[in-house]
Structure formats: C-alpha cells, structure tokens
Amino acid sequence: MTRILAVPFLFLGLAPLHAQTAGAPRTFTEGDTTVTVTAPVKIGDDVTTFSLDNGMDVVVIEDHRAPVAVQMVWYRAGSADEQVGQSGVAHFLEHLLFKGTDKLAPGEFSATVAANGGSDNAFTSYDYTAYFQRVAADRLPLMMEMESSRMENLRLSESDIETERRVIIEERAQRTDNNPGALAQEQFKAAQYQNHRYGVPVIGWRHEMADLSLEDALDFYTLNYSPNNAILIVAGDVQPDAVMALAAKYYGVIPPEPELPPRLRPTEPPQTAPRRITYTDPRVSQPYVVRSYLAPERDTGDQKTAAALVYLSELLGGSPFTSALGRALQFDTQTAVYTNAGYDPSSLDTTTFALSVVPSTGVTLSEAEAAMDKVLSDFMASDIEPAALDRIRTQLKAQEIYALDDVQGRAQRYGAALTQGLTVQDVEAWPQVLQEVTAEDIKAAAADVFDLNQSVTGWVVADKEQAR
C-alpha cells in the first residue's frame with residue numbers, strides 16, 4: 001500500500017510572482033470552538049496560503065481544468081526525526097495510520113476513498129511523512145473529515161502492531177535485503193553520515209524494526225502528528241475560501257501539541273579523511289564504483305549554490321552524449337558502459353552529490369575510478385561551454401512548464417519544500433534562481449563539494465577478484 005521516498009523530488013516551482021494579502025483574518029465557529037485563520041496571502045493567480053490558529057499551515061493551488069482535487073497532509077516528521085534505537089518507526093507509523101480511528105474501522109479509510117472513485121496512499125522520507133487522496137472535487141469534505149480523524153483519533157491494538165511489523169520487515173526483505181545495490185547504498189550512507197540520522201535507512205535497520213512496539217508507535221504519533229507540526233496542501237478544482245472553511249471545520253478544532261520540541265538534529269562533525277568501502281555480494285551482476293560527497297541543500301533565501309549543483313550534475317552525468325563523464329568514458333575511451341552524476345537539492349539538512357561508473361569488460365575498478373577522477377580534474381581545469389549552460393536552462397524551463405500540468409506533483413512540490421525548511425516564496429523563486437546560474441557559480445560550487453575528505457568511495461563487486 002505504501003511506498004518510501006528516500007529522496008524527495010526536484011522542485012520546479014512557478015516563476016516568482018507578487019504576493020498580496022487578500023483580506024483580513026477570519027473566524028469560524030465550530031460547536032464550542034472558535035477558529036481564527038490568518039489573512040490569506042495570494043501569490044499570482046493560483047496559489048493562496050494561510051494558517052489556522054492551532055499552527056497548521058495551508059496552501060491552496062487552484063487548477064480548474066478538471067473537476068479533481070488532491071488533499072495532502074504533510075508532517076514535519078520523517079525517519080531522521082526518530083529516536084535512536086527506533087529506526088523505521090516513522091515508516092511503521094505510516095502503515096499503522098491505515099488502521100482504525102474512533103470513527104473509522106480498520107481498512108475503512110482506503111475503502112471509502114475507492115468507493116468514491118478516488119485513490120490514496122502515503123510515503124515516508126528522511127524529512128517528512130505525507131498522506132494524500134485524489135478524488136472528485138466534491139468529495140473533498142469527506143476526505144478532510146477522514147484525514148482529520150486520524151490526526152488525533154488513531155486506535156491501535158497489539159495485533160495491529162504484530163501484523164504491520166511483519167509487513168514492514170517483509171517490505172525490507174523485498175526492497176533492500178534482496179537487492180545488493182540497496183544493501184551497498186545503506187553501507188555507503190552509514191559511512192557518509194558519521195553523526196546525522198541520514199546515515200540510517202528510512203525503512204530502518206532490521207534488528208531495530210523487529211523490536212518496534214505499540215508504545216514506540218504511539219509516542220511518535222502523539223508527539224509529531226499534531227496540527228502545529230503539519231501542512232495541508234489542497235490542489236485542483238477548489239476555491240481558497242471554501243478550503244479555508246473546510247480546514248477550519250475539520251482541522252482547526254484539533255488542539256496543538258504543547259510539548260512539540262524544536263526540530264533539532266545531530267550535526268555532522270568536520271569530516272577530515274576520505275572513506276572507502278568495498279561491498280561484496282555474489283548477486284552483483286556488474287561491478288561498479290560510486291562516490292558521494294557531502295553537499296549543500298537548498299536553504300530558505302539562499303538557493304544559489306544548490307541551483308549551481310543541479311547544473312553540475314547535468315554537466316558531469318546527464319545525457320551520455322553531452323555530459324563530461326559520458327563523452328569521455330563511454331564514447332571517447334570506452335572505459336565505461338554507464339556513467340552518472342546525481343544531486344537532489346531538496347533536503348532539510350546537508351545532502352550529497354554522487355558519481356557512478358560501470359566499467360567496460362576488461363576495465364578494472366581501479367582504472368575506472370582513475371578515469372573518473374581525470375574527468376573531474378579536466379572539468380575543473382577547462383571552461384564550461386556557454387551552449388551547454390543554455391541547453392540545461394532550456395531543459396529546466398521545459399520541465400517547469402510540464403510540471404504545471406501535474407496537479408498532484410505541484411502539491412508535492414510545496415509540501416516537501418515546507419517540511420524541509422523552505423517557504424512558498426522559495427518555491428516560487430526557485431525556477432528563476434535556476435535560470436540565473438553562471439559558469440562561475442558552478443565552478444565555485446564544484447570546488448567546495450569535491451573535497452575527498454568529505455567523500456565516500458565505494459566498490460560494489462560479486463567477489464574479491466573483481467576488487468582491483
């Protein structure tokens with residue numbers, strides 16, 4: 001039912017637009033409760049934001065081309081917010097939220113969504129957990145009623161715990177334990193992050209998953225699943241005023257969590273030595289070399305370096321026909337059959353920039369790694385072609401245009417950004433920041449990132465004979 005997103009999406013927000021306050025704060029009365037809503041702020045023609053007085057933030061994205069609405073509730077609580085020794089509890093709880101509440105029997109939530117012609121799911125990452133439904137727009141009130149119920153009225157039994165614990169362990173077996181590449185990646189991540197929880201897999205370590213208890217799940221739920229730790233995103237054929245009234249009715253009456261702590265995480269110590277790992281597994285079909293470096297993430301009001309690294313990943317490892325690694329290793333020297341560079345700027349804390357090379361037959365991993373390093377050295381010593389930058393700018397602009405046709409994708413863009421410390425204004429500014437990247441920006445970002453003392457180099461092999 002559920003899926004894990006260990007790496008969030010690349011955000012391709014709207015062009016920067018002027019924000020205007022639309023009216024004054026408003027109040028709604030629900031029974032004995034009065035809910036105050038901040039004055040809505042309208043950004044451009046289709047994005048409106050406001051907050052409920054219990055701390056819940058709301059973003060409304062209008063798209064009236066089809067009578068469909070998407071509701072997403074994002075919690076600022078992911079696997080990197082777990083207590084030490086309870087790895088996997090965020091994803092475990094995600095599963096458990098599809099059990100019963102005071103108003104819904106186990107399984108009734110998804111069955112009701114399906115009976116109304118919709119779809120629903122959830123996903124967990126390092127920085128957030130999100131739940132969504134996609135339905136006909138006139139079913140939005142029902143979706144809010146059900147989603148708000150499981151924000152505060154979750155009911156779990158020991159049998160629920162036993163059942164879902166088996167499910168998540170089996171999920172780990174299928175997606176990780178049966179995949180040598182995934183197991184290798186776990187080891188590389190653990191070596192890359194010496195102190196931060198990004199070094200712990202989102203799904204959890206198996207031995208800790210096996211000990212997750214009802215108390216562990218309820219403690220995580222009670223502390224983190226509250227309106228003052230949540231963001232409501234509603235996108236589609238909706239009106240902001242109507243969404244405001246519904247949000248006040250269903251979510252505004254839920255009290256905030258008074259004990260919600262600041263979102264503080266362990267920080268990385270200075271990394272002063274390169275790390276190397278050789279991962280051996282007989283199931284590896286093709287040996288390969290990977291290297292990851294610590295890299296800056298997008299920060300609110302400061303996205304320039306992250307934008308430059310997006311370009312760097314394309315210049316080094318985008319299309320094999322145009323990227324530096326692809327042209328040098330796959331075509332000019334035929335050293336490799338595959339090359340890649342990867343960077344995802346969406347992260348609450350320090351992220352990574354990664355390179356990978358799959359050598360051709362007869363090429364050792366040592367030779368492939370040396371060839372990769374030569375490409376990096378040559379790249380830093382040469383000028384970046386203006387035509388290459390123009391090509392990437394055009395690609396990013398096209399992606400932005402296509403993204404506007406994906407209502408759910410737009411909702412995810414805002415939800416992920418807001419749970420990772422960014423603002424709506426940052427999302428709006430991001431496309432223009434991307435368009436303004438210069439060659440000098442890219443070289444400066446690359447010089448900072450390509451520090452071997454902040455790197456992990458990994459060889460993935462089937463046997464020791466390949467580790468040379």
# chains A, B, ... in the order shown; residues from 1 in each chain; ligands from 1
>>> residues_around(residues="Thr351 (chain A)", least_positions_apart="6", cutoff="7 Å", atoms="only C-alpha atoms", output="count of residues only")
4
>>> residues_around(residues="Tyr288 (chain A)", least_positions_apart="6", cutoff="6 Å", atoms="only C-alpha atoms", output="count of residues only")
4
>>> residues_around(residues="region 140-144 of chain A", least_positions_apart="6", cutoff="7 Å", atoms="only C-alpha atoms", output="MDAnalysis selection string")
chainID A and resid 69 246 250
>>> write_last_selection(atoms="N, CA and C atoms", output="short mmCIF file (atom, residue, chain, number, x, y, z; two decimals), in the first residue's frame")
data_model
loop_
_atom_site.label_atom_id
_atom_site.label_comp_id
_atom_site.auth_asym_id
_atom_site.auth_seq_id
_atom_site.Cartn_x
_atom_site.Cartn_y
_atom_site.Cartn_z
N ALA A 69 -9.66 17.06 -7.15
CA ALA A 69 -8.93 17.70 -6.06
C ALA A 69 -7.97 16.70 -5.43
N LEU A 246 -13.48 24.64 5.18
CA LEU A 246 -13.36 23.20 5.46
C LEU A 246 -12.19 22.92 6.41
N TYR A 250 -12.62 21.05 10.04
CA TYR A 250 -12.12 19.71 10.34
C TYR A 250 -10.77 19.70 11.06
#
>>> atom_distance(atom1="CA of Tyr221 (chain A)", atom2="CA of Arg76 (chain A)")
11.8 Å
>>> atom_distance(atom1="CA of Arg65 (chain A)", atom2="CA of Gln412 (chain A)")
18.7 Å
>>> residues_around(residues="region 228-244 of chain A", least_positions_apart="5", cutoff="8 Å", atoms="only C-alpha atoms", output="number ranges by chain")
A: 37, 48, 54-77, 137, 256-257, 260, 407-408, 410-411, 414-415, 418-419
>>> select_by_dssp(residues="region 258-305 of chain A", states="strand (DSSP E)", output="ChimeraX atom specification")
/A:275-280,288-295
>>> closest_residue(among="A:Pro270, A:Ala446, A:Gly317, A:Val289", to="Ala370 (chain A)", atoms="only C-alpha atoms")
A:Val289
>>> closest_residue(among="A:Arg206, A:Lys304, A:Arg150, A:Lys189", to="Tyr251 (chain A)", atoms="only C-alpha atoms")
A:Arg150
>>> residues_around(residues="Met380 (chain A)", least_positions_apart="2", cutoff="12 Å", atoms="only C-alpha atoms", output="JSON, numbers by chain")
{"A": [312, 315, 316, 324, 373, 374, 375, 376, 377, 378, 382, 383, 384, 439, 440, 442, 443, 444, 445, 446, 447, 448, 449, 450]}
>>> write_last_selection(atoms="N, CA and C atoms", output="tab-separated table (two decimals), in the first residue's frame")
chain	number	residue	atom	x	y	z
A	312	LEU	N	25.74	21.27	-12.28
A	312	LEU	CA	26.94	20.44	-12.24
A	312	LEU	C	26.60	18.98	-12.48
A	315	LEU	N	25.98	18.59	-16.19
A	315	LEU	CA	27.20	18.74	-16.99
A	315	LEU	C	28.10	17.51	-16.88
A	316	LEU	N	28.14	16.91	-15.69
A	316	LEU	CA	29.00	15.75	-15.49
A	316	LEU	C	28.34	14.44	-15.87
A	324	ALA	N	30.17	15.28	-19.42
A	324	ALA	CA	31.62	15.08	-19.40
A	324	ALA	C	31.98	13.62	-19.16
A	373	ASP	N	38.26	10.24	-11.96
A	373	ASP	CA	38.96	11.35	-11.34
A	373	ASP	C	39.60	12.26	-12.38
A	374	LYS	N	40.10	11.68	-13.48
A	374	LYS	CA	40.68	12.52	-14.53
A	374	LYS	C	39.62	13.40	-15.18
A	375	VAL	N	38.41	12.87	-15.37
A	375	VAL	CA	37.33	13.69	-15.92
A	375	VAL	C	37.03	14.87	-15.00
A	376	LEU	N	36.99	14.62	-13.70
A	376	LEU	CA	36.73	15.70	-12.75
A	376	LEU	C	37.84	16.75	-12.82
A	377	SER	N	39.09	16.28	-12.87
A	377	SER	CA	40.22	17.21	-12.94
A	377	SER	C	40.17	18.04	-14.22
A	378	ASP	N	39.89	17.38	-15.35
A	378	ASP	CA	39.80	18.09	-16.62
A	378	ASP	C	38.65	19.09	-16.62
A	382	SER	N	39.04	23.29	-17.23
A	382	SER	CA	38.59	23.83	-18.51
A	382	SER	C	37.37	24.73	-18.32
A	383	ASP	N	37.06	25.50	-19.34
A	383	ASP	CA	35.90	26.39	-19.31
A	383	ASP	C	34.63	25.60	-19.62
A	384	ILE	N	33.54	26.06	-19.07
A	384	ILE	CA	32.24	25.45	-19.36
A	384	ILE	C	31.67	26.10	-20.62
A	439	ALA	N	28.52	30.08	-15.14
A	439	ALA	CA	29.63	29.13	-15.13
A	439	ALA	C	30.48	29.31	-13.88
A	440	GLU	N	30.66	30.56	-13.45
A	440	GLU	CA	31.44	30.83	-12.25
A	440	GLU	C	30.78	30.23	-11.01
A	442	ILE	N	28.96	27.55	-10.94
A	442	ILE	CA	29.12	26.10	-11.00
A	442	ILE	C	30.52	25.70	-10.56
A	443	LYS	N	31.52	26.41	-11.06
A	443	LYS	CA	32.90	26.07	-10.69
A	443	LYS	C	33.14	26.29	-9.19
A	444	ALA	N	32.58	27.35	-8.64
A	444	ALA	CA	32.75	27.61	-7.21
A	444	ALA	C	32.08	26.53	-6.38
A	445	ALA	N	30.87	26.11	-6.77
A	445	ALA	CA	30.18	25.05	-6.04
A	445	ALA	C	30.93	23.73	-6.15
A	446	ALA	N	31.45	23.44	-7.34
A	446	ALA	CA	32.19	22.19	-7.54
A	446	ALA	C	33.46	22.17	-6.70
A	447	ALA	N	34.16	23.30	-6.64
A	447	ALA	CA	35.39	23.35	-5.85
A	447	ALA	C	35.14	23.08	-4.38
A	448	ASP	N	34.01	23.54	-3.87
A	448	ASP	CA	33.67	23.29	-2.47
A	448	ASP	C	33.23	21.84	-2.22
A	449	VAL	N	32.51	21.27	-3.17
A	449	VAL	CA	31.96	19.93	-2.97
A	449	VAL	C	33.02	18.85	-3.17
A	450	PHE	N	33.88	19.01	-4.19
A	450	PHE	CA	34.83	17.94	-4.50
A	450	PHE	C	36.02	17.95	-3.54
>>> residues_around(residues="Thr34 (chain A)", least_positions_apart="6", cutoff="9 Å", atoms="only C-alpha atoms", output="VMD selection string")
chain A and resid 27 to 28 248 252 to 253
>>> write_last_selection(atoms="C-alpha atoms", output="JSON list (two decimals), in the first residue's frame")
[["chain", "number", "residue", "atom", "x", "y", "z"],
["A", 27, "THR", "CA", -13.02, 33.45, 12.26],
["A", 28, "PHE", "CA", -15.15, 30.31, 12.09],
["A", 248, "ALA", "CA", -11.27, 25.39, 9.95],
["A", 252, "GLY", "CA", -8.97, 23.91, 13.16],
["A", 253, "VAL", "CA", -10.72, 22.26, 16.11]]
>>> select_by_dssp(residues="region 146-394 of chain A", states="helix (DSSP H, G or I)", output="compact mmCIF listing (two decimals) with N, CA and C atoms, in the first residue's frame")
# COMPACT_ATOMS: atom_id res chain seq x y z
N MET A 146 -12.16 12.50 7.14
CA MET A 146 -11.47 11.27 7.48
C MET A 146 -10.01 11.54 7.86
N GLU A 147 -9.33 12.39 7.10
CA GLU A 147 -7.92 12.65 7.39
C GLU A 147 -7.73 13.33 8.74
N SER A 148 -8.62 14.24 9.06
CA SER A 148 -8.52 14.90 10.35
C SER A 148 -8.79 13.93 11.50
N SER A 149 -9.62 12.91 11.24
CA SER A 149 -9.91 11.93 12.27
C SER A 149 -8.66 11.16 12.67
N ARG A 150 -7.83 10.81 11.68
CA ARG A 150 -6.66 10.02 12.05
C ARG A 150 -5.48 10.89 12.48
N MET A 151 -5.66 12.22 12.46
CA MET A 151 -4.63 13.08 13.03
C MET A 151 -4.65 13.02 14.56
N GLU A 152 -5.81 12.75 15.16
CA GLU A 152 -5.87 12.76 16.62
C GLU A 152 -6.57 11.56 17.24
N GLU A 158 -2.44 -4.41 19.90
CA GLU A 158 -1.22 -5.21 19.79
C GLU A 158 -1.24 -6.08 18.53
N SER A 159 -2.43 -6.52 18.13
CA SER A 159 -2.50 -7.32 16.90
C SER A 159 -2.15 -6.49 15.68
N ASP A 160 -2.54 -5.20 15.68
CA ASP A 160 -2.15 -4.31 14.60
C ASP A 160 -0.63 -4.20 14.51
N ILE A 161 0.00 -4.08 15.67
CA ILE A 161 1.45 -3.95 15.72
C ILE A 161 2.12 -5.20 15.16
N GLU A 162 1.65 -6.35 15.60
CA GLU A 162 2.25 -7.61 15.14
C GLU A 162 2.11 -7.75 13.63
N THR A 163 0.92 -7.45 13.12
CA THR A 163 0.66 -7.60 11.68
C THR A 163 1.53 -6.68 10.86
N GLU A 164 1.53 -5.40 11.19
CA GLU A 164 2.26 -4.43 10.38
C GLU A 164 3.77 -4.53 10.57
N ARG A 165 4.21 -5.01 11.71
CA ARG A 165 5.65 -5.22 11.89
C ARG A 165 6.13 -6.30 10.92
N ARG A 166 5.33 -7.35 10.77
CA ARG A 166 5.68 -8.38 9.79
C ARG A 166 5.68 -7.81 8.37
N VAL A 167 4.73 -6.92 8.10
CA VAL A 167 4.62 -6.33 6.76
C VAL A 167 5.86 -5.49 6.44
N ILE A 168 6.29 -4.64 7.37
CA ILE A 168 7.43 -3.77 7.05
C ILE A 168 8.73 -4.57 6.98
N ILE A 169 8.84 -5.63 7.77
CA ILE A 169 10.04 -6.47 7.69
C ILE A 169 10.08 -7.19 6.35
N GLU A 170 8.92 -7.64 5.89
CA GLU A 170 8.86 -8.27 4.57
C GLU A 170 9.15 -7.24 3.48
N GLU A 171 8.68 -6.02 3.66
CA GLU A 171 8.97 -4.96 2.69
C GLU A 171 10.47 -4.71 2.61
N ARG A 172 11.11 -4.70 3.76
CA ARG A 172 12.57 -4.54 3.76
C ARG A 172 13.23 -5.72 3.05
N ALA A 173 12.74 -6.92 3.29
CA ALA A 173 13.32 -8.10 2.65
C ALA A 173 13.23 -7.99 1.14
N GLN A 174 12.10 -7.53 0.63
CA GLN A 174 11.89 -7.47 -0.81
C GLN A 174 12.66 -6.33 -1.46
N ARG A 175 12.66 -5.16 -0.82
CA ARG A 175 13.21 -3.98 -1.46
C ARG A 175 14.69 -3.75 -1.16
N THR A 176 15.15 -4.24 -0.01
CA THR A 176 16.52 -3.97 0.39
C THR A 176 17.35 -5.24 0.48
N ASP A 177 16.93 -6.18 1.30
CA ASP A 177 17.74 -7.37 1.54
C ASP A 177 17.92 -8.21 0.28
N PRO A 180 21.29 -6.25 -3.84
CA PRO A 180 22.64 -5.94 -3.39
C PRO A 180 23.00 -4.48 -3.55
N GLY A 181 22.44 -3.81 -4.57
CA GLY A 181 22.69 -2.39 -4.74
C GLY A 181 22.13 -1.58 -3.59
N ALA A 182 20.94 -1.97 -3.12
CA ALA A 182 20.32 -1.26 -1.99
C ALA A 182 21.11 -1.50 -0.71
N LEU A 183 21.58 -2.72 -0.51
CA LEU A 183 22.39 -3.01 0.67
C LEU A 183 23.71 -2.24 0.65
N ALA A 184 24.31 -2.16 -0.52
CA ALA A 184 25.54 -1.38 -0.65
C ALA A 184 25.29 0.09 -0.35
N GLN A 185 24.19 0.61 -0.86
CA GLN A 185 23.86 2.01 -0.63
C GLN A 185 23.67 2.29 0.86
N GLU A 186 23.07 1.37 1.59
CA GLU A 186 22.94 1.53 3.03
C GLU A 186 24.30 1.70 3.70
N GLN A 187 25.25 0.88 3.28
CA GLN A 187 26.58 0.95 3.87
C GLN A 187 27.27 2.27 3.53
N PHE A 188 27.10 2.73 2.30
CA PHE A 188 27.72 3.99 1.89
C PHE A 188 27.11 5.16 2.66
N LYS A 189 25.80 5.13 2.83
CA LYS A 189 25.13 6.21 3.58
C LYS A 189 25.60 6.24 5.03
N ALA A 190 25.72 5.06 5.61
CA ALA A 190 26.15 4.98 7.01
C ALA A 190 27.56 5.51 7.17
N ALA A 191 28.40 5.32 6.15
CA ALA A 191 29.76 5.85 6.21
C ALA A 191 29.79 7.34 5.89
N GLN A 192 28.89 7.79 5.03
CA GLN A 192 28.89 9.21 4.66
C GLN A 192 28.49 10.09 5.83
N ARG A 197 21.28 11.50 11.27
CA ARG A 197 20.36 10.36 11.08
C ARG A 197 20.13 10.05 9.60
N TYR A 198 20.64 10.86 8.69
CA TYR A 198 20.57 10.48 7.27
C TYR A 198 21.38 9.23 6.99
N GLY A 199 22.24 8.83 7.93
CA GLY A 199 23.00 7.61 7.76
C GLY A 199 22.24 6.35 8.13
N ARG A 206 16.99 -3.77 10.28
CA ARG A 206 16.11 -4.91 10.54
C ARG A 206 16.03 -5.24 12.04
N HIS A 207 17.15 -5.24 12.74
CA HIS A 207 17.13 -5.68 14.14
C HIS A 207 16.34 -4.69 15.01
N GLU A 208 16.32 -3.40 14.62
CA GLU A 208 15.52 -2.44 15.38
C GLU A 208 14.06 -2.49 14.97
N MET A 209 13.79 -2.74 13.69
CA MET A 209 12.41 -2.89 13.23
C MET A 209 11.70 -4.01 13.98
N LEU A 214 4.10 -1.07 20.27
CA LEU A 214 2.94 -0.19 20.28
C LEU A 214 3.30 1.14 20.95
N GLU A 215 4.03 1.07 22.03
CA GLU A 215 4.42 2.29 22.73
C GLU A 215 5.30 3.18 21.86
N ASP A 216 6.23 2.58 21.12
CA ASP A 216 7.10 3.35 20.23
C ASP A 216 6.27 4.11 19.19
N ALA A 217 5.32 3.38 18.59
CA ALA A 217 4.49 4.00 17.55
C ALA A 217 3.62 5.11 18.11
N LEU A 218 3.00 4.86 19.25
CA LEU A 218 2.11 5.87 19.84
C LEU A 218 2.89 7.09 20.34
N ASP A 219 4.08 6.88 20.85
CA ASP A 219 4.89 8.02 21.28
C ASP A 219 5.24 8.92 20.10
N PHE A 220 5.64 8.31 18.99
CA PHE A 220 5.98 9.09 17.79
C PHE A 220 4.75 9.81 17.25
N TYR A 221 3.62 9.10 17.28
CA TYR A 221 2.36 9.68 16.80
C TYR A 221 1.92 10.85 17.68
N THR A 222 1.91 10.66 18.97
CA THR A 222 1.42 11.69 19.90
C THR A 222 2.25 12.96 19.80
N LEU A 223 3.54 12.82 19.67
CA LEU A 223 4.42 13.98 19.64
C LEU A 223 4.37 14.71 18.30
N ASN A 224 4.32 13.95 17.20
CA ASN A 224 4.54 14.54 15.88
C ASN A 224 3.28 14.76 15.06
N PRO A 227 -1.52 19.40 14.57
CA PRO A 227 -1.67 20.44 13.55
C PRO A 227 -0.51 21.41 13.50
N ASN A 228 0.11 21.69 14.63
CA ASN A 228 1.24 22.62 14.63
C ASN A 228 2.52 22.00 14.09
N ASN A 229 2.43 20.74 13.67
CA ASN A 229 3.56 20.08 13.02
C ASN A 229 3.18 19.60 11.63
N PRO A 240 -10.13 28.97 -2.66
CA PRO A 240 -9.47 29.17 -1.37
C PRO A 240 -10.44 29.40 -0.22
N ASP A 241 -11.51 30.18 -0.44
CA ASP A 241 -12.44 30.44 0.65
C ASP A 241 -13.12 29.16 1.12
N ALA A 242 -13.49 28.31 0.16
CA ALA A 242 -14.13 27.05 0.53
C ALA A 242 -13.16 26.13 1.27
N VAL A 243 -11.92 26.08 0.83
CA VAL A 243 -10.92 25.26 1.51
C VAL A 243 -10.68 25.79 2.92
N MET A 244 -10.66 27.11 3.06
CA MET A 244 -10.45 27.71 4.37
C MET A 244 -11.54 27.29 5.34
N ALA A 245 -12.78 27.34 4.89
CA ALA A 245 -13.90 26.96 5.75
C ALA A 245 -13.82 25.49 6.13
N LEU A 246 -13.48 24.64 5.18
CA LEU A 246 -13.36 23.20 5.46
C LEU A 246 -12.19 22.92 6.41
N ALA A 247 -11.07 23.59 6.17
CA ALA A 247 -9.91 23.38 7.03
C ALA A 247 -10.21 23.81 8.46
N ALA A 248 -10.91 24.94 8.60
CA ALA A 248 -11.27 25.39 9.95
C ALA A 248 -12.21 24.40 10.62
N LYS A 249 -13.14 23.85 9.85
CA LYS A 249 -14.12 22.92 10.41
C LYS A 249 -13.49 21.62 10.87
N TYR A 250 -12.62 21.05 10.04
CA TYR A 250 -12.12 19.71 10.34
C TYR A 250 -10.77 19.70 11.06
N LYS A 304 21.21 29.60 -4.30
CA LYS A 304 22.11 29.77 -5.44
C LYS A 304 23.07 28.60 -5.59
N THR A 305 23.68 28.15 -4.49
CA THR A 305 24.64 27.06 -4.58
C THR A 305 23.96 25.76 -4.99
N ALA A 306 22.78 25.51 -4.44
CA ALA A 306 22.04 24.31 -4.81
C ALA A 306 21.70 24.32 -6.30
N ALA A 307 21.30 25.47 -6.81
CA ALA A 307 20.99 25.58 -8.23
C ALA A 307 22.22 25.29 -9.08
N ALA A 308 23.38 25.79 -8.65
CA ALA A 308 24.62 25.53 -9.39
C ALA A 308 24.94 24.04 -9.40
N LEU A 309 24.66 23.34 -8.31
CA LEU A 309 24.94 21.91 -8.26
C LEU A 309 23.98 21.10 -9.13
N VAL A 310 22.77 21.62 -9.34
CA VAL A 310 21.87 20.98 -10.30
C VAL A 310 22.50 20.99 -11.69
N TYR A 311 23.08 22.13 -12.06
CA TYR A 311 23.77 22.22 -13.35
C TYR A 311 24.99 21.30 -13.38
N LEU A 312 25.74 21.27 -12.28
CA LEU A 312 26.94 20.44 -12.24
C LEU A 312 26.60 18.98 -12.48
N SER A 313 25.51 18.50 -11.89
CA SER A 313 25.13 17.10 -12.08
C SER A 313 24.78 16.82 -13.54
N GLU A 314 24.16 17.78 -14.21
CA GLU A 314 23.83 17.60 -15.62
C GLU A 314 25.09 17.66 -16.49
N LEU A 315 25.98 18.59 -16.19
CA LEU A 315 27.20 18.74 -16.99
C LEU A 315 28.10 17.51 -16.88
N LEU A 316 28.14 16.91 -15.69
CA LEU A 316 29.00 15.75 -15.49
C LEU A 316 28.34 14.44 -15.87
N GLY A 317 27.07 14.29 -15.54
CA GLY A 317 26.47 12.96 -15.69
C GLY A 317 25.09 12.93 -16.26
N ALA A 324 30.17 15.28 -19.42
CA ALA A 324 31.62 15.08 -19.40
C ALA A 324 31.98 13.62 -19.16
N LEU A 325 31.34 12.98 -18.19
CA LEU A 325 31.64 11.58 -17.91
C LEU A 325 31.22 10.69 -19.07
N GLY A 326 30.05 10.94 -19.63
CA GLY A 326 29.56 10.11 -20.71
C GLY A 326 30.44 10.19 -21.95
N ARG A 327 30.77 11.40 -22.35
CA ARG A 327 31.59 11.56 -23.56
C ARG A 327 32.98 10.97 -23.38
N ALA A 328 33.60 11.25 -22.22
CA ALA A 328 34.98 10.81 -22.02
C ALA A 328 35.10 9.31 -21.81
N LEU A 329 34.20 8.75 -21.01
CA LEU A 329 34.36 7.35 -20.61
C LEU A 329 33.56 6.38 -21.46
N GLN A 330 32.37 6.78 -21.92
CA GLN A 330 31.55 5.85 -22.70
C GLN A 330 31.85 5.91 -24.18
N PHE A 331 32.28 7.06 -24.70
CA PHE A 331 32.47 7.18 -26.14
C PHE A 331 33.94 7.37 -26.51
N ASP A 332 34.62 8.34 -25.91
CA ASP A 332 35.99 8.62 -26.34
C ASP A 332 36.94 7.47 -26.02
N LEU A 365 38.15 -1.79 -11.63
CA LEU A 365 37.56 -0.70 -10.88
C LEU A 365 38.59 0.39 -10.58
N SER A 366 39.83 0.00 -10.35
CA SER A 366 40.89 0.99 -10.15
C SER A 366 41.04 1.87 -11.38
N GLU A 367 41.02 1.26 -12.54
CA GLU A 367 41.15 2.02 -13.78
C GLU A 367 39.93 2.90 -14.01
N ALA A 368 38.75 2.39 -13.70
CA ALA A 368 37.53 3.18 -13.86
C ALA A 368 37.52 4.37 -12.92
N GLU A 369 37.95 4.14 -11.68
CA GLU A 369 37.98 5.24 -10.71
C GLU A 369 39.00 6.31 -11.12
N ALA A 370 40.18 5.86 -11.59
CA ALA A 370 41.18 6.82 -12.04
C ALA A 370 40.68 7.63 -13.23
N ALA A 371 39.96 6.96 -14.14
CA ALA A 371 39.41 7.67 -15.29
C ALA A 371 38.35 8.68 -14.85
N MET A 372 37.54 8.31 -13.88
CA MET A 372 36.54 9.24 -13.35
C MET A 372 37.22 10.47 -12.74
N ASP A 373 38.26 10.24 -11.96
CA ASP A 373 38.96 11.35 -11.34
C ASP A 373 39.60 12.26 -12.38
N LYS A 374 40.10 11.68 -13.48
CA LYS A 374 40.68 12.52 -14.53
C LYS A 374 39.62 13.40 -15.18
N VAL A 375 38.41 12.87 -15.37
CA VAL A 375 37.33 13.69 -15.92
C VAL A 375 37.03 14.87 -15.00
N LEU A 376 36.99 14.62 -13.70
CA LEU A 376 36.73 15.70 -12.75
C LEU A 376 37.84 16.75 -12.82
N SER A 377 39.09 16.28 -12.87
CA SER A 377 40.22 17.21 -12.94
C SER A 377 40.17 18.04 -14.22
N ASP A 378 39.89 17.38 -15.35
CA ASP A 378 39.80 18.09 -16.62
C ASP A 378 38.65 19.09 -16.62
N PHE A 379 37.55 18.70 -16.01
CA PHE A 379 36.38 19.60 -15.94
C PHE A 379 36.75 20.86 -15.17
N MET A 380 37.41 20.71 -14.04
CA MET A 380 37.75 21.87 -13.22
C MET A 380 38.79 22.75 -13.91
N ALA A 381 39.60 22.18 -14.79
CA ALA A 381 40.66 22.95 -15.45
C ALA A 381 40.21 23.63 -16.73
N PRO A 386 29.30 27.77 -23.07
CA PRO A 386 28.03 28.50 -22.93
C PRO A 386 26.84 27.74 -23.53
N ALA A 387 27.08 27.02 -24.61
CA ALA A 387 25.98 26.27 -25.24
C ALA A 387 25.46 25.18 -24.30
N ALA A 388 26.36 24.59 -23.50
CA ALA A 388 25.93 23.56 -22.56
C ALA A 388 25.02 24.15 -21.49
N LEU A 389 25.37 25.34 -20.99
CA LEU A 389 24.52 26.00 -20.00
C LEU A 389 23.17 26.36 -20.60
N ASP A 390 23.17 26.86 -21.82
CA ASP A 390 21.91 27.23 -22.46
C ASP A 390 21.01 26.01 -22.63
N ARG A 391 21.62 24.87 -22.97
CA ARG A 391 20.83 23.64 -23.14
C ARG A 391 20.17 23.24 -21.83
N ILE A 392 20.91 23.33 -20.73
CA ILE A 392 20.34 22.95 -19.44
C ILE A 392 19.26 23.93 -19.02
N ARG A 393 19.47 25.22 -19.25
CA ARG A 393 18.43 26.21 -18.92
C ARG A 393 17.13 25.89 -19.67
N THR A 394 17.27 25.54 -20.92
CA THR A 394 16.08 25.22 -21.72
C THR A 394 15.39 23.97 -21.18
>>> atom_distance(atom1="CA of Tyr338 (chain A)", atom2="CA of Ser125 (chain A)")
27.8 Å
>>> closest_residue(among="A:Ile254, A:Tyr402, A:Ala429, A:Gln466", to="Glu30 (chain A)", atoms="only C-alpha atoms")
A:Ile254
